[in-house]
There are 2 protein chains.
Amino acid sequence: MTQRILTNELSGKVGERVHLQGWMHTLRRMGGLTFLVVRDRSGSAQAVLDDVAPLNGCLPETVLALTGTVCEEPRARGGVELHDVTVEIISPVREALPFELNKGPLKANLDTYLDHAAVGLRHPAKQATFRLASAILGAYASWMRAHGYTQVTTPKIVGSATEGGANVFGIEYFNRRAYLAQSPQLYKQVMVGVFERVFEIGHAYRAEAHDTARHLNEYLSLDMEMGFIRDHHDIMRTLTEVLRHILGTLEQDHAPDLAVLGARLPPLGDVPVISFAEAQELLATCYGEVQDEADLSPSQERSLCHWAAEEHYSDWVYVIGYPTAHRPFYTLPDPTHQTQSNSFDLLCRGAELVTGGQRIHEYAPLLAALHARGYDEAGFGGYLEAFRYGMPPEGGFAIGSERLLARFLGVENVREVTLFPRDMNRLTP
Amino acid sequence: MTQRILTNELSGKVGERVHLQGWMHTLRRMGGLTFLVVRDRSGSAQAVLDDVAPLNGCLPETVLALTGTVCEEPRARGGVELHDVTVEIISPVREALPFELNKGPLKANLDTYLDHAAVGLRHPAKQATFRLASAILGAYASWMRAHGYTQVTTPKIVGSATEGGANVFGIEYFNRRAYLAQSPQLYKQVMVGVFERVFEIGHAYRAEAHDTARHLNEYLSLDMEMGFIRDHHDIMRTLTEVLRHILGTLEQDHAPDLAVLGARLPPLGDVPVISFAEAQELLATCYGEVQDEADLSPSQERSLCHWAAEEHYSDWVYVIGYPTAHRPFYTLPDPTHQTQSNSFDLLCRGAELVTGGQRIHEYAPLLAALHARGYDEAGFGGYLEAFRYGMPPEGGFAIGSERLLARFLGVENVREVTLFPRDMNRLTP
């Protein structure tokens with residue numbers, strides 16, 4: 001048997017007899033001819049069938065092998081099509097799909113699509129989406145490795161609900177109680193003492209009973225933490241660079257996927273920086289937004305992004321100096337204004353995308369911060385030990401990978417860009 | 001302030017005034033001189049101090065900044081050392097470490113080390129170990145991407161304990177019952193229908209009440225699954241190639257880390273292949289090993305690896321044709337001997353390291369296999385849907401990344417090569 005080639009290799013093989021394998025994407029009869037479009041991992045190609053009998057009763061998604069001769073045909077995708085084709089059926093499909101995969105945009109509503117994600121993911125727009133998701137992970141890791149970061153894998157089963165007792169999933173762990181980690185935060189900080197610069201790509205779990213377009217109960221967090229920084233601006237510079245690398249990779253290597261989705265990535269130039277206090281004043285004055293001392297509301301985030309777009313022509317905006325009292329205990333207060341913190345959020349196209357900042361790296365202040373929040377230091381044994389034995393000034397950030405992709409693609413609901421999302425109501429497929 | 005440089009950049013800066021930052025690794029007084037070795041993420045360097053007073057009371061792991069002049073000194077590491085040094089203390093350490101990090105091999109026993117992993121990981125041998133762990137992840141992903149695989153992220157919270165009801169951790173999920181996924185097996189198979197070739201790097205959870213040197217209750221699984229295969233030998237060839245790439249990367253990029261550990265990686269040439277039946281006969285005849293119809297015992301695995309080393313000069317051996325009845329339901333029976341399966345294990349240096357094989361890709365036989373094992377198909381909705389709508393012949397493998405590193409380094413206990421291991425008795429740090 002001839003060696004299988006991929007559909008994207010056809011244009012270099014005009015006149016040759018080739019062998020393709022893939023899925024029946026469409027089968028159309030036009031003016032006495034039958035056009036079969038076969039889809040494989042590289043794309044798709046058209047074959048002109050003289051005899052459609054072997055495909056009788058086979059529906060789209062049937063798995064096929066084709067042998068044919070490559071002919072130039074300017075009207076076909078890639079400028080070629082197959083003639084003199086013999087077809088072999090590998091796995092026939094006899095039942096109609098829950099929705100069509102081969103007629104333009106997916107028409108199923110989100111719940112129906114998610115119920116049938118096992119086949120819905122084959123839709124060309126979904127394929128493009130999740131090739132981009134894969135590319136983001138690759139680009140993130142490659143930038144980190146190129147800049148001296150070591151990849152770490154930290155436990156997702158933890159013995160205590162360290163970052164606040166609410167919103168954690170409990171596990172039955174050999175007759176003991178354990179929890180799913182809300183983030184790798186404490187572990188990645190410990191690892192700064194080992195490698196200075198670390199990154200992790202791993203799941204994080206939040207038992208938040210929110211059923212919103214931006215929350216998942218299981219999400220993939222792109223984390224980093226670095227030592228020997230001056231302050232949080234070093235973290236922000238690093239974040240901007242890695243995002244620029246990811247965006248560049250998507251534009252360079254995935255233009256066809258972006259085109260399928262009609263996506264316009266957010267350009268990333270100089271990102272405006274505004275303090276939380278300034279932002280509050282601006283929002284109250286120019287947007288009539290009510291002030292909240294703790295955080296920006298979703299509506300405030302949208303308004304602030306509107307301001308950044310109007311005033312700075314930027315899809316991005318950094319907010320710094322969040323109130324120390326409303327950030328996690330490990331957040332370093334601004335040395336000159338203790339009520340503000342050396343922390344930041346990065347907003348993109350209307351919503352918060354990344355959280356980060358400088359951490360308290362000295363043992364005594366860290367212990368005091370734990371006590372001030374009423375935490376029991378017994379649950380922080382290993383974490384505190386790392387700081388007792390020499391930690392440099394350090395900080396980091398965490399990107400929710402699904403939110404990142406959603407913002408990049410201008411998609412409202414994060415479930416659209418998650419293979420098999422988990423939320424309050426969804427545990428399958 | 002001068003820009004910080006790393007210790008591995010010193011040899012190119014002889015005569016220059018430079019600025020280093022890192023941890024006090026050792027501080028020794030010899031014949032009126034004081035030698036300070038400072039450690040950073042790139043290695044370490046020696047500084048000769050005229051005045052040790054600023055460091056009075058500072059113990060190893062103190063975080064320091066040094067400014068000094070680079071001088072040639074053939075007896076020092078890298079052929080250079082710092083003179084005319086000024087020292088600034090960034091984070092002083094005043095308490096003695098739980099064990100020494102700077103005097104040759106780590107002397108703490110495994111439990112003591114693990115209790116204090118937050119600082120124990122800074123030991124040069126541990127650093128080397130986990131740089132190799134990071135490199136394995138990078139090499140695995142880069143090979144996969146280069147060969148047309150898409151990285152996927154599948155849920156670790158699942159609604160039913162699909163691959164056997166025992167050995168799963170239960171989760172309290174919004175007043176419902178959920179479970180931690182034992183593997184991404186069913187999801188990665190589904191994804192073959194989308195991308196043909198997928199890989200995943202993610203946690204897997206086994207609630208096995210084994211307290212052995214080779215079991216972890218949370219481990220990092222390197223998974224792949226590929227479509228359009230002929231049989232399991234295609235999977236084995238792929239596995240051998242990716243392992244060869246990983247080994248080559250470690251040898252090329254991490255020779256110093258391997259040297260620190262005195263590790264000799266297992267050479268990977270032509271891997272001998274033996275069937276389960278042949279192996280049983282060989283083990284009974286030549287090693288007096290009792291036969292077991294279900295699987296190879298740990299003792300049999302050791303004997304078989306001994307045979308492969310003696311007869312084939314190989315640290316590796318493939319065992320194929322495991323009994324169908326004792327492999328998971330989705331395992332494809334050998335078309336010519338249904339009681340044997342198109343599955344394999346790869347053994348390395350005495351123990352099973354990788355499991356893989358060809359899966360049943362046709363819907364009706366898959367459904368029959370599920371029923372034959374007494375499973376309720378209701379728990380397999382999305383999985384079955386993917387096979388109802390066209391799946392090519394496919395298969396894959398799963399590598400336990402911690403076991404892989406342990407075999408590579410010749411380490412007996414997998415906890416030695418896991419940052420923060422989780423077992424029956426250990427949930428911290």
# chains A, B, ... in the order shown; residues from 1 in each chain; ligands from 1

$ interface_residues --of "chain A" --to "chain B" --cutoff "7 Å" --atoms "only C-alpha atoms" --output "PyMOL selection string"
chain A and resi 41+61-63+90-93+116+118-119+121-122+127+131+134+150-152+154-155+158-159+169-174+190+194-196+362+381-383+385-386+388-392+419-420+424+427-429

$ residues_around --residues "Asn102 of chain B" --least-positions-apart "2" --cutoff "7 Å" --atoms "only C-alpha atoms" --output "PyMOL selection string"
chain B and resi 25-26+100+104

$ atom_distance --atom1 "atom CA of Val290 of chain B" --atom2 "atom CA of Trp307 of chain B"
16.0 Å

$ residues_around --residues "Glu301 of chain A" --least-positions-apart "5" --cutoff "12 Å" --atoms "only C-alpha atoms" --output "mmCIF file with N, CA and C atoms, in the first residue's frame"
data_model
loop_
_atom_site.group_PDB
_atom_site.id
_atom_site.type_symbol
_atom_site.label_atom_id
_atom_site.label_comp_id
_atom_site.auth_asym_id
_atom_site.auth_seq_id
_atom_site.Cartn_x
_atom_site.Cartn_y
_atom_site.Cartn_z
ATOM 1 N N PHE A 276 -4.862 52.104 41.282
ATOM 2 C CA PHE A 276 -6.232 51.790 41.711
ATOM 3 C C PHE A 276 -6.962 53.068 42.132
ATOM 4 N N ALA A 279 -7.732 55.166 39.185
ATOM 5 C CA ALA A 279 -8.789 54.515 38.408
ATOM 6 C C ALA A 279 -10.151 54.765 39.044
ATOM 7 N N GLN A 280 -10.206 54.682 40.355
ATOM 8 C CA GLN A 280 -11.477 54.925 41.054
ATOM 9 C C GLN A 280 -11.985 56.334 40.793
ATOM 10 N N LEU A 282 -11.146 58.357 38.285
ATOM 11 C CA LEU A 282 -11.497 58.473 36.880
ATOM 12 C C LEU A 282 -12.870 57.859 36.598
ATOM 13 N N LEU A 283 -13.091 56.688 37.164
ATOM 14 C CA LEU A 283 -14.339 55.978 36.899
ATOM 15 C C LEU A 283 -15.530 56.728 37.491
ATOM 16 N N TYR A 287 -17.213 58.148 34.270
ATOM 17 C CA TYR A 287 -18.123 57.074 33.898
ATOM 18 C C TYR A 287 -19.272 56.913 34.892
ATOM 19 N N GLU A 289 -19.195 55.684 37.739
ATOM 20 C CA GLU A 289 -19.131 54.365 38.389
ATOM 21 C C GLU A 289 -18.984 54.556 39.896
ATOM 22 N N ASP A 295 -12.081 46.424 45.269
ATOM 23 C CA ASP A 295 -11.678 45.872 43.975
ATOM 24 C C ASP A 295 -12.440 46.628 42.891
ATOM 25 N N LEU A 296 -12.079 46.356 41.654
ATOM 26 C CA LEU A 296 -12.866 46.887 40.547
ATOM 27 C C LEU A 296 -13.990 45.907 40.244
ATOM 28 N N HIS A 306 -12.474 50.704 28.354
ATOM 29 C CA HIS A 306 -12.973 51.683 27.386
ATOM 30 C C HIS A 306 -12.095 52.933 27.409
ATOM 31 N N TRP A 307 -11.763 53.373 28.618
ATOM 32 C CA TRP A 307 -10.880 54.533 28.776
ATOM 33 C C TRP A 307 -9.511 54.271 28.125
ATOM 34 N N ALA A 308 -8.943 53.098 28.376
ATOM 35 C CA ALA A 308 -7.614 52.771 27.827
ATOM 36 C C ALA A 308 -7.656 52.761 26.301
ATOM 37 N N TRP A 316 -5.192 46.986 26.306
ATOM 38 C CA TRP A 316 -4.662 46.496 27.580
ATOM 39 C C TRP A 316 -4.492 47.655 28.545
ATOM 40 N N VAL A 317 -4.634 47.364 29.841
ATOM 41 C CA VAL A 317 -4.318 48.380 30.848
ATOM 42 C C VAL A 317 -3.904 47.686 32.152
ATOM 43 N N TYR A 318 -2.798 48.181 32.706
ATOM 44 C CA TYR A 318 -2.362 47.696 34.024
ATOM 45 C C TYR A 318 -2.988 48.567 35.107
ATOM 46 N N VAL A 319 -3.518 47.941 36.143
ATOM 47 C CA VAL A 319 -3.947 48.650 37.345
ATOM 48 C C VAL A 319 -3.008 48.216 38.463
ATOM 49 N N ASP A 345 -3.175 44.149 38.455
ATOM 50 C CA ASP A 345 -3.993 43.329 37.570
ATOM 51 C C ASP A 345 -3.739 43.831 36.161
ATOM 52 N N LEU A 346 -3.802 42.928 35.204
ATOM 53 C CA LEU A 346 -3.763 43.336 33.808
ATOM 54 C C LEU A 346 -5.137 43.080 33.214
ATOM 55 N N LEU A 347 -5.733 44.145 32.704
ATOM 56 C CA LEU A 347 -7.059 44.032 32.085
ATOM 57 C C LEU A 347 -6.892 44.009 30.572
ATOM 58 N N CYS A 348 -7.751 43.268 29.919
ATOM 59 C CA CYS A 348 -7.702 43.193 28.460
ATOM 60 C C CYS A 348 -9.116 43.132 27.920
ATOM 61 N N ARG A 349 -9.427 44.077 27.040
ATOM 62 C CA ARG A 349 -10.726 44.051 26.358
ATOM 63 C C ARG A 349 -11.899 43.860 27.306
ATOM 64 N N GLY A 350 -11.888 44.603 28.394
ATOM 65 C CA GLY A 350 -13.073 44.633 29.240
ATOM 66 C C GLY A 350 -13.035 43.804 30.504
ATOM 67 N N ALA A 351 -11.985 43.014 30.698
ATOM 68 C CA ALA A 351 -11.991 42.168 31.898
ATOM 69 C C ALA A 351 -10.580 41.884 32.390
ATOM 70 N N GLU A 352 -10.488 41.582 33.674
ATOM 71 C CA GLU A 352 -9.220 41.209 34.294
ATOM 72 C C GLU A 352 -8.748 39.878 33.724
ATOM 73 N N LEU A 353 -7.452 39.839 33.412
ATOM 74 C CA LEU A 353 -6.900 38.661 32.745
ATOM 75 C C LEU A 353 -5.768 38.049 33.544
#

$ select_by_dssp --residues "segment 200-335 of chain A" --states "strand (DSSP E)" --output "PyMOL selection string"
chain A and resi 200-205+218-227+273-275+316-320+333-334

$ atom_distance --atom1 "atom CA of Thr212 of chain B" --atom2 "atom CA of Ala277 of chain B"
27.3 Å

$ select_by_dssp --residues "segment 18-199 of chain A" --states "helix (DSSP H, G or I)" --output "MDAnalysis selection string"
chainID A and resid 53:55 77:79 110:115 117:120 124:146 185:195

$ closest_residue --among "A:Leu258, A:Val273, A:Ala325, A:Ala181" --to "Glu293 of chain A" --atoms "only C-alpha atoms"
A:Ala325

$ residues_around --residues "Arg373 of chain A" --least-positions-apart "2" --cutoff "10 Å" --atoms "only C-alpha atoms" --output "ChimeraX atom specification"
/A:164,325,328-329,368-371,375-376

$ residues_around --residues "Ile229 of chain B" --least-positions-apart "3" --cutoff "8 Å" --atoms "only C-alpha atoms" --output "ChimeraX atom specification"
/B:226,232,234-235,392-395
